[in-house]
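Pasted below: start-v1.cif, mmCIF, N, CA and C atoms.
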data_input
loop_
_atom_site.label_atom_id
_atom_site.label_comp_id
_atom_site.auth_asym_id
_atom_site.auth_seq_id
_atom_site.Cartn_x
_atom_site.Cartn_y
_atom_site.Cartn_z
N MET Q 298 0.82 -1.19 0.00
CA MET Q 298 0.00 0.00 0.00
C MET Q 298 0.86 1.25 0.00
N GLU Q 299 1.96 1.24 0.74
CA GLU Q 299 2.83 2.41 0.83
C GLU Q 299 3.45 2.71 -0.53
N GLU Q 300 3.82 1.66 -1.28
CA GLU Q 300 4.40 1.85 -2.61
C GLU Q 300 3.40 2.52 -3.55
N LYS Q 301 2.13 2.14 -3.45
CA LYS Q 301 1.09 2.73 -4.29
C LYS Q 301 0.94 4.22 -3.98
N GLN Q 302 0.97 4.58 -2.69
CA GLN Q 302 0.85 5.97 -2.30
C GLN Q 302 2.06 6.78 -2.79
N MET Q 303 3.26 6.19 -2.70
CA MET Q 303 4.46 6.87 -3.17
C MET Q 303 4.37 7.12 -4.68
N ARG Q 304 3.87 6.13 -5.41
CA ARG Q 304 3.74 6.28 -6.86
C ARG Q 304 2.68 7.34 -7.19
N GLU Q 305 1.63 7.40 -6.38
CA GLU Q 305 0.57 8.39 -6.61
C GLU Q 305 1.11 9.81 -6.42
N GLU Q 306 1.93 10.04 -5.41
CA GLU Q 306 2.52 11.35 -5.18
C GLU Q 306 3.43 11.73 -6.34
N PHE Q 307 4.20 10.78 -6.83
CA PHE Q 307 5.10 11.00 -7.96
C PHE Q 307 4.30 11.34 -9.22
N ASP Q 308 3.27 10.55 -9.51
CA ASP Q 308 2.43 10.78 -10.70
C ASP Q 308 1.68 12.11 -10.63
N THR Q 309 1.22 12.47 -9.43
CA THR Q 309 0.53 13.75 -9.25
C THR Q 309 1.49 14.90 -9.53
N GLY Q 310 2.71 14.80 -9.03
CA GLY Q 310 3.73 15.81 -9.29
C GLY Q 310 4.02 15.95 -10.77
N LEU Q 311 4.14 14.81 -11.48
CA LEU Q 311 4.38 14.86 -12.92
C LEU Q 311 3.22 15.51 -13.67
N ALA Q 312 2.00 15.21 -13.25
CA ALA Q 312 0.83 15.81 -13.90
C ALA Q 312 0.83 17.33 -13.71
N LYS Q 313 1.16 17.78 -12.51
CA LYS Q 313 1.22 19.23 -12.25
C LYS Q 313 2.32 19.88 -13.09
N ILE Q 314 3.46 19.19 -13.23
CA ILE Q 314 4.57 19.72 -14.01
C ILE Q 314 4.17 19.82 -15.48
N ARG Q 315 3.52 18.79 -16.02
CA ARG Q 315 3.06 18.83 -17.42
C ARG Q 315 2.12 20.02 -17.64
N HIS Q 316 1.19 20.20 -16.71
CA HIS Q 316 0.24 21.30 -16.82
C HIS Q 316 0.96 22.65 -16.79
N GLU Q 317 1.92 22.79 -15.90
CA GLU Q 317 2.68 24.04 -15.78
C GLU Q 317 3.45 24.32 -17.07
N ILE Q 318 4.05 23.30 -17.65
CA ILE Q 318 4.80 23.47 -18.89
C ILE Q 318 3.87 23.95 -20.00
N LYS Q 319 2.75 23.28 -20.16
CA LYS Q 319 1.81 23.66 -21.22
C LYS Q 319 1.28 25.08 -21.01
N SER Q 320 1.01 25.44 -19.76
CA SER Q 320 0.48 26.78 -19.50
C SER Q 320 1.54 27.86 -19.77
N ARG Q 321 2.81 27.53 -19.68
CA ARG Q 321 3.87 28.49 -19.96
C ARG Q 321 4.22 28.56 -21.44
N LEU Q 322 3.89 27.51 -22.19
CA LEU Q 322 4.14 27.52 -23.64
C LEU Q 322 3.11 28.37 -24.38
N VAL Q 323 1.87 28.35 -23.93
CA VAL Q 323 0.76 29.02 -24.63
C VAL Q 323 1.00 30.51 -24.84
N PRO Q 324 1.44 31.28 -23.84
CA PRO Q 324 1.65 32.72 -24.08
C PRO Q 324 2.67 33.02 -25.19
N HIS Q 325 3.55 32.06 -25.46
CA HIS Q 325 4.54 32.22 -26.53
C HIS Q 325 4.00 31.75 -27.88
N GLY Q 326 2.76 31.27 -27.88
CA GLY Q 326 2.16 30.76 -29.11
C GLY Q 326 2.64 29.37 -29.46
N PHE Q 327 3.18 28.65 -28.48
CA PHE Q 327 3.70 27.31 -28.72
C PHE Q 327 2.70 26.25 -28.25
N PHE Q 328 2.61 25.20 -29.02
CA PHE Q 328 1.86 24.02 -28.62
C PHE Q 328 2.80 22.86 -28.88
N GLY Q 329 3.14 22.13 -27.85
CA GLY Q 329 4.13 21.08 -28.00
C GLY Q 329 3.73 19.79 -27.36
N ILE Q 330 4.64 18.85 -27.45
CA ILE Q 330 4.45 17.53 -26.86
C ILE Q 330 5.35 17.43 -25.64
N VAL Q 331 4.75 17.03 -24.53
CA VAL Q 331 5.50 16.87 -23.28
C VAL Q 331 5.53 15.38 -22.96
N THR Q 332 6.73 14.82 -22.87
CA THR Q 332 6.87 13.40 -22.52
C THR Q 332 7.71 13.26 -21.27
N CYS Q 333 7.38 12.26 -20.49
CA CYS Q 333 8.12 11.98 -19.26
C CYS Q 333 8.57 10.53 -19.29
N VAL Q 334 9.86 10.32 -19.03
CA VAL Q 334 10.41 8.97 -18.98
C VAL Q 334 11.00 8.78 -17.59
N ASP Q 335 10.47 7.80 -16.87
CA ASP Q 335 10.95 7.54 -15.51
C ASP Q 335 12.39 7.03 -15.52
N ILE Q 336 13.15 7.46 -14.54
CA ILE Q 336 14.49 6.95 -14.31
C ILE Q 336 14.32 5.85 -13.27
N GLU Q 337 14.45 4.61 -13.70
CA GLU Q 337 14.18 3.46 -12.82
C GLU Q 337 15.31 3.27 -11.82
N GLY Q 338 14.91 2.95 -10.61
CA GLY Q 338 15.86 2.67 -9.55
C GLY Q 338 15.69 1.25 -9.06
N VAL Q 339 16.01 1.01 -7.83
CA VAL Q 339 15.89 -0.30 -7.22
C VAL Q 339 14.41 -0.68 -7.08
N ASP Q 340 14.10 -1.93 -7.30
CA ASP Q 340 12.73 -2.46 -7.16
C ASP Q 340 11.73 -1.75 -8.06
N HIS Q 341 12.18 -1.27 -9.21
CA HIS Q 341 11.31 -0.61 -10.19
C HIS Q 341 10.60 0.61 -9.63
N VAL Q 342 11.18 1.23 -8.63
CA VAL Q 342 10.65 2.48 -8.08
C VAL Q 342 11.43 3.62 -8.73
N PRO Q 343 10.75 4.54 -9.40
CA PRO Q 343 11.46 5.62 -10.09
C PRO Q 343 12.26 6.50 -9.13
N THR Q 344 13.48 6.84 -9.54
CA THR Q 344 14.30 7.75 -8.73
C THR Q 344 14.21 9.17 -9.28
N GLY Q 345 13.49 9.34 -10.37
CA GLY Q 345 13.30 10.64 -10.98
C GLY Q 345 12.68 10.47 -12.35
N SER Q 346 12.70 11.54 -13.12
CA SER Q 346 12.12 11.49 -14.45
C SER Q 346 12.82 12.49 -15.36
N THR Q 347 12.93 12.11 -16.63
CA THR Q 347 13.44 13.02 -17.65
C THR Q 347 12.23 13.53 -18.42
N ILE Q 348 12.09 14.83 -18.44
CA ILE Q 348 10.96 15.46 -19.11
C ILE Q 348 11.46 16.10 -20.40
N ALA Q 349 10.84 15.72 -21.51
CA ALA Q 349 11.22 16.26 -22.82
C ALA Q 349 10.05 17.06 -23.39
N ILE Q 350 10.38 18.22 -23.94
CA ILE Q 350 9.37 19.07 -24.56
C ILE Q 350 9.77 19.27 -26.01
N THR Q 351 8.86 18.95 -26.91
CA THR Q 351 9.11 19.12 -28.34
C THR Q 351 8.16 20.19 -28.88
N VAL Q 352 8.75 21.22 -29.46
CA VAL Q 352 8.00 22.33 -30.05
C VAL Q 352 8.63 22.67 -31.39
N LYS Q 353 7.83 22.66 -32.43
CA LYS Q 353 8.30 23.03 -33.78
C LYS Q 353 9.58 22.30 -34.17
N GLY Q 354 9.63 21.01 -33.88
CA GLY Q 354 10.77 20.19 -34.27
C GLY Q 354 11.98 20.27 -33.36
N ARG Q 355 11.95 21.12 -32.35
CA ARG Q 355 13.05 21.25 -31.38
C ARG Q 355 12.67 20.54 -30.09
N THR Q 356 13.62 19.80 -29.53
CA THR Q 356 13.37 19.08 -28.29
C THR Q 356 14.38 19.53 -27.23
N VAL Q 357 13.85 19.80 -26.04
CA VAL Q 357 14.69 20.15 -24.89
C VAL Q 357 14.32 19.20 -23.75
N GLU Q 358 15.33 18.68 -23.08
CA GLU Q 358 15.11 17.73 -21.98
C GLU Q 358 15.71 18.26 -20.69
N ARG Q 359 15.06 17.90 -19.60
CA ARG Q 359 15.58 18.18 -18.26
C ARG Q 359 15.25 16.98 -17.39
N SER Q 360 16.16 16.64 -16.49
CA SER Q 360 15.92 15.56 -15.54
C SER Q 360 15.70 16.15 -14.15
N PHE Q 361 14.74 15.57 -13.45
CA PHE Q 361 14.44 16.01 -12.08
C PHE Q 361 14.41 14.79 -11.18
N SER Q 362 14.80 14.97 -9.94
CA SER Q 362 14.82 13.87 -8.97
C SER Q 362 13.40 13.57 -8.48
N ARG Q 363 13.25 12.41 -7.92
CA ARG Q 363 11.95 12.02 -7.36
C ARG Q 363 11.50 13.01 -6.30
N GLN Q 364 12.41 13.42 -5.46
CA GLN Q 364 12.09 14.36 -4.38
C GLN Q 364 11.58 15.68 -4.95
N ASP Q 365 12.23 16.18 -6.00
CA ASP Q 365 11.79 17.43 -6.62
C ASP Q 365 10.39 17.28 -7.23
N ILE Q 366 10.15 16.15 -7.89
CA ILE Q 366 8.86 15.91 -8.53
C ILE Q 366 7.75 15.77 -7.49
N GLU Q 367 8.00 14.99 -6.44
CA GLU Q 367 6.99 14.82 -5.40
C GLU Q 367 6.71 16.14 -4.68
N GLY Q 368 7.69 17.02 -4.62
CA GLY Q 368 7.51 18.33 -4.02
C GLY Q 368 6.55 19.22 -4.81
N CYS Q 369 6.26 18.81 -6.05
CA CYS Q 369 5.36 19.59 -6.91
C CYS Q 369 3.93 19.05 -6.90
N ARG Q 370 3.64 18.12 -6.01
CA ARG Q 370 2.29 17.51 -6.04
C ARG Q 370 1.20 18.51 -5.66
N LEU Q 371 1.56 19.58 -4.93
CA LEU Q 371 0.59 20.62 -4.60
C LEU Q 371 0.75 21.85 -5.47
N LYS Q 372 2.01 22.24 -5.70
CA LYS Q 372 2.30 23.43 -6.51
C LYS Q 372 3.69 23.30 -7.10
N VAL Q 373 3.83 23.63 -8.37
CA VAL Q 373 5.14 23.57 -9.02
C VAL Q 373 5.96 24.78 -8.57
N ALA Q 374 7.12 24.50 -7.98
CA ALA Q 374 7.95 25.57 -7.45
C ALA Q 374 9.41 25.11 -7.40
N GLY Q 375 10.27 25.98 -6.95
CA GLY Q 375 11.67 25.64 -6.72
C GLY Q 375 12.44 25.29 -7.98
N VAL Q 376 13.29 24.29 -7.86
CA VAL Q 376 14.17 23.85 -8.93
C VAL Q 376 13.38 23.46 -10.18
N VAL Q 377 12.25 22.82 -10.00
CA VAL Q 377 11.45 22.39 -11.14
C VAL Q 377 10.90 23.59 -11.90
N LEU Q 378 10.36 24.56 -11.19
CA LEU Q 378 9.83 25.76 -11.84
C LEU Q 378 10.93 26.51 -12.58
N LEU Q 379 12.09 26.64 -11.97
CA LEU Q 379 13.22 27.30 -12.64
C LEU Q 379 13.63 26.54 -13.90
N GLY Q 380 13.60 25.21 -13.83
CA GLY Q 380 13.91 24.39 -14.99
C GLY Q 380 12.91 24.58 -16.11
N ILE Q 381 11.63 24.65 -15.76
CA ILE Q 381 10.57 24.86 -16.77
C ILE Q 381 10.74 26.22 -17.43
N ILE Q 382 11.01 27.25 -16.64
CA ILE Q 382 11.21 28.60 -17.19
C ILE Q 382 12.41 28.60 -18.15
N ALA Q 383 13.48 27.92 -17.78
CA ALA Q 383 14.67 27.85 -18.64
C ALA Q 383 14.37 27.12 -19.94
N ILE Q 384 13.59 26.04 -19.86
CA ILE Q 384 13.23 25.27 -21.06
C ILE Q 384 12.41 26.14 -22.01
N VAL Q 385 11.38 26.81 -21.49
CA VAL Q 385 10.52 27.65 -22.32
C VAL Q 385 11.34 28.79 -22.93
N ASP Q 386 12.25 29.37 -22.14
CA ASP Q 386 13.11 30.42 -22.65
C ASP Q 386 13.98 29.90 -23.80
N GLU Q 387 14.54 28.72 -23.63
CA GLU Q 387 15.39 28.11 -24.66
C GLU Q 387 14.60 27.84 -25.93
N LEU Q 388 13.36 27.37 -25.78
CA LEU Q 388 12.53 27.06 -26.95
C LEU Q 388 12.06 28.33 -27.67
N SER Q 389 11.97 29.43 -26.95
CA SER Q 389 11.47 30.66 -27.57
C SER Q 389 12.55 31.45 -28.31
N LYS Q 390 13.78 31.00 -28.25
CA LYS Q 390 14.88 31.69 -28.95
C LYS Q 390 14.94 31.28 -30.40
#

Written as structure tokens, that's how I'd like the structure from this file.
Amino acid sequence: MEEKQMREEFDTGLAKIRHEIKSRLVPHGFFGIVTCVDIEGVDHVPTGSTIAITVKGRTVERSFSRQDIEGCRLKVAGVVLLGIIAIVDELSK
């Protein structure tokens, strides 16, 4: 049961991050594809995730730790938010 709850917090954080990315792309007139690939650790429990954003044929990736992602389950902030801002800035150049 504890593993399921841990996975739920991780998945909730990823969903919030995806939403934040898409909401930051729209003001720039971008519509892209956001993909997340889990970084597998021991016992098939993800230790983080690599998030890739593809816009107009350009792809930018960033990796975040499990702790950072779970910290976004209520609100995207901190290192993850700074990473998202940097990605959007890079794509808008």

Enumerate, in order of chain and increasing residue number, the residues of stretch 317-388 of chain Q with an atom no farther than 10 Å from stretch 305-310 of chain Q, each with its shortest atom pair and distance in Å to one decimal, counting only C-alpha atoms, as CSV.
residue,atom,partner,partner_atom,distance
Q:Pro343,CA,Q:Phe307,CA,8.6
Q:Thr344,CA,Q:Phe307,CA,9.8
Q:Gly345,CA,Q:Phe307,CA,8.7
Q:Ser346,CA,Q:Phe307,CA,9.6
Q:Arg363,CA,Q:Phe307,CA,7.0
Q:Gln364,CA,Q:Phe307,CA,8.5
Q:Asp365,CA,Q:Gly310,CA,8.6
Q:Ile366,CA,Q:Gly310,CA,5.2
Q:Glu367,CA,Q:Phe307,CA,5.0
Q:Gly368,CA,Q:Gly310,CA,7.0
Q:Cys369,CA,Q:Gly310,CA,4.8
Q:Arg370,CA,Q:Gly310,CA,3.9
Q:Leu371,CA,Q:Gly310,CA,7.4
Q:Lys372,CA,Q:Gly310,CA,8.2
Q:Val373,CA,Q:Gly310,CA,7.9

Please identify which residues in chain Q DSSP calls strand (DSSP E) from the backbone, and express them as number ranges by chain.
Q: 330-337, 343-352, 355-362

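The two atoms in question, atom CA of Q:Val334 and atom C of Q:Ile348, are spaced 7.3 Å apart.
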
Atom pair atom C of Q:Glu300 / atom CA of Q:Leu379: separation (Å)
28.2 Å

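In this model, the gap between atom CA of Q:Leu378 and atom CA of Q:Gly326 comes to 19.5 Å.
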
Looking at Q:Ile330, Q:Val339, Q:Met303, Q:Ala374, which one is nearest to Q:Lys353, with distances taken over only N, CA and C atoms?
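The answer is Q:Ile330, which sits nearest to Q:Lys353.
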
Given only C-alpha atoms as the counted atoms, nearest of Q:Val352, Q:Gln302, Q:Val357, Q:Ile384 to Q:Phe327:
Q:Val352

How would stretch 336-365 of chain Q look written as a short mmCIF file (atom, residue, chain, number, x, y, z; two decimals), in the first residue's frame with N, CA, C and O atoms?
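File selection38.cif, as written:
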data_model
loop_
_atom_site.label_atom_id
_atom_site.label_comp_id
_atom_site.auth_asym_id
_atom_site.auth_seq_id
_atom_site.Cartn_x
_atom_site.Cartn_y
_atom_site.Cartn_z
N ILE Q 336 13.15 7.46 -14.54
CA ILE Q 336 14.49 6.95 -14.31
C ILE Q 336 14.32 5.85 -13.27
O ILE Q 336 14.02 6.14 -12.10
N GLU Q 337 14.45 4.61 -13.70
CA GLU Q 337 14.18 3.46 -12.82
C GLU Q 337 15.31 3.27 -11.82
O GLU Q 337 16.48 3.38 -12.16
N GLY Q 338 14.91 2.95 -10.61
CA GLY Q 338 15.86 2.67 -9.55
C GLY Q 338 15.69 1.25 -9.06
O GLY Q 338 15.23 0.37 -9.80
N VAL Q 339 16.01 1.01 -7.83
CA VAL Q 339 15.89 -0.30 -7.22
C VAL Q 339 14.41 -0.68 -7.08
O VAL Q 339 13.56 0.17 -6.81
N ASP Q 340 14.10 -1.93 -7.30
CA ASP Q 340 12.73 -2.46 -7.16
C ASP Q 340 11.73 -1.75 -8.06
O ASP Q 340 10.56 -1.62 -7.72
N HIS Q 341 12.18 -1.27 -9.21
CA HIS Q 341 11.31 -0.61 -10.19
C HIS Q 341 10.60 0.61 -9.63
O HIS Q 341 9.53 0.98 -10.09
N VAL Q 342 11.18 1.23 -8.63
CA VAL Q 342 10.65 2.48 -8.08
C VAL Q 342 11.43 3.62 -8.73
O VAL Q 342 12.66 3.65 -8.65
N PRO Q 343 10.75 4.54 -9.40
CA PRO Q 343 11.46 5.62 -10.09
C PRO Q 343 12.26 6.50 -9.13
O PRO Q 343 11.78 6.85 -8.05
N THR Q 344 13.48 6.84 -9.54
CA THR Q 344 14.30 7.75 -8.73
C THR Q 344 14.21 9.17 -9.28
O THR Q 344 14.80 10.09 -8.72
N GLY Q 345 13.49 9.34 -10.37
CA GLY Q 345 13.30 10.64 -10.98
C GLY Q 345 12.68 10.47 -12.35
O GLY Q 345 12.19 9.39 -12.69
N SER Q 346 12.70 11.54 -13.12
CA SER Q 346 12.12 11.49 -14.45
C SER Q 346 12.82 12.49 -15.36
O SER Q 346 13.25 13.55 -14.92
N THR Q 347 12.93 12.11 -16.63
CA THR Q 347 13.44 13.02 -17.65
C THR Q 347 12.23 13.53 -18.42
O THR Q 347 11.45 12.74 -18.95
N ILE Q 348 12.09 14.83 -18.44
CA ILE Q 348 10.96 15.46 -19.11
C ILE Q 348 11.46 16.10 -20.40
O ILE Q 348 12.41 16.88 -20.37
N ALA Q 349 10.84 15.72 -21.51
CA ALA Q 349 11.22 16.26 -22.82
C ALA Q 349 10.05 17.06 -23.39
O ALA Q 349 8.91 16.63 -23.32
N ILE Q 350 10.38 18.22 -23.94
CA ILE Q 350 9.37 19.07 -24.56
C ILE Q 350 9.77 19.27 -26.01
O ILE Q 350 10.89 19.69 -26.30
N THR Q 351 8.86 18.95 -26.91
CA THR Q 351 9.11 19.12 -28.34
C THR Q 351 8.16 20.19 -28.88
O THR Q 351 6.95 20.07 -28.76
N VAL Q 352 8.75 21.22 -29.46
CA VAL Q 352 8.00 22.33 -30.05
C VAL Q 352 8.63 22.67 -31.39
O VAL Q 352 9.84 22.91 -31.46
N LYS Q 353 7.83 22.66 -32.43
CA LYS Q 353 8.30 23.03 -33.78
C LYS Q 353 9.58 22.30 -34.17
O LYS Q 353 10.53 22.88 -34.69
N GLY Q 354 9.63 21.01 -33.88
CA GLY Q 354 10.77 20.19 -34.27
C GLY Q 354 11.98 20.27 -33.36
O GLY Q 354 12.97 19.57 -33.56
N ARG Q 355 11.95 21.12 -32.35
CA ARG Q 355 13.05 21.25 -31.38
C ARG Q 355 12.67 20.54 -30.09
O ARG Q 355 11.55 20.68 -29.62
N THR Q 356 13.62 19.80 -29.53
CA THR Q 356 13.37 19.08 -28.29
C THR Q 356 14.38 19.53 -27.23
O THR Q 356 15.57 19.62 -27.50
N VAL Q 357 13.85 19.80 -26.04
CA VAL Q 357 14.69 20.15 -24.89
C VAL Q 357 14.32 19.20 -23.75
O VAL Q 357 13.14 18.95 -23.51
N GLU Q 358 15.33 18.68 -23.08
CA GLU Q 358 15.11 17.73 -21.98
C GLU Q 358 15.71 18.26 -20.69
O GLU Q 358 16.73 18.94 -20.71
N ARG Q 359 15.06 17.90 -19.60
CA ARG Q 359 15.58 18.18 -18.26
C ARG Q 359 15.25 16.98 -17.39
O ARG Q 359 14.18 16.38 -17.51
N SER Q 360 16.16 16.64 -16.49
CA SER Q 360 15.92 15.56 -15.54
C SER Q 360 15.70 16.15 -14.15
O SER Q 360 16.39 17.10 -13.76
N PHE Q 361 14.74 15.57 -13.45
CA PHE Q 361 14.44 16.01 -12.08
C PHE Q 361 14.41 14.79 -11.18
O PHE Q 361 14.00 13.70 -11.59
N SER Q 362 14.80 14.97 -9.94
CA SER Q 362 14.82 13.87 -8.97
C SER Q 362 13.40 13.57 -8.48
O SER Q 362 12.49 14.40 -8.61
N ARG Q 363 13.25 12.41 -7.92
CA ARG Q 363 11.95 12.02 -7.36
C ARG Q 363 11.50 13.01 -6.30
O ARG Q 363 10.34 13.40 -6.25
N GLN Q 364 12.41 13.42 -5.46
CA GLN Q 364 12.09 14.36 -4.38
C GLN Q 364 11.58 15.68 -4.95
O GLN Q 364 10.59 16.24 -4.45
N ASP Q 365 12.23 16.18 -6.00
CA ASP Q 365 11.79 17.43 -6.62
C ASP Q 365 10.39 17.28 -7.23
O ASP Q 365 9.55 18.17 -7.10
#
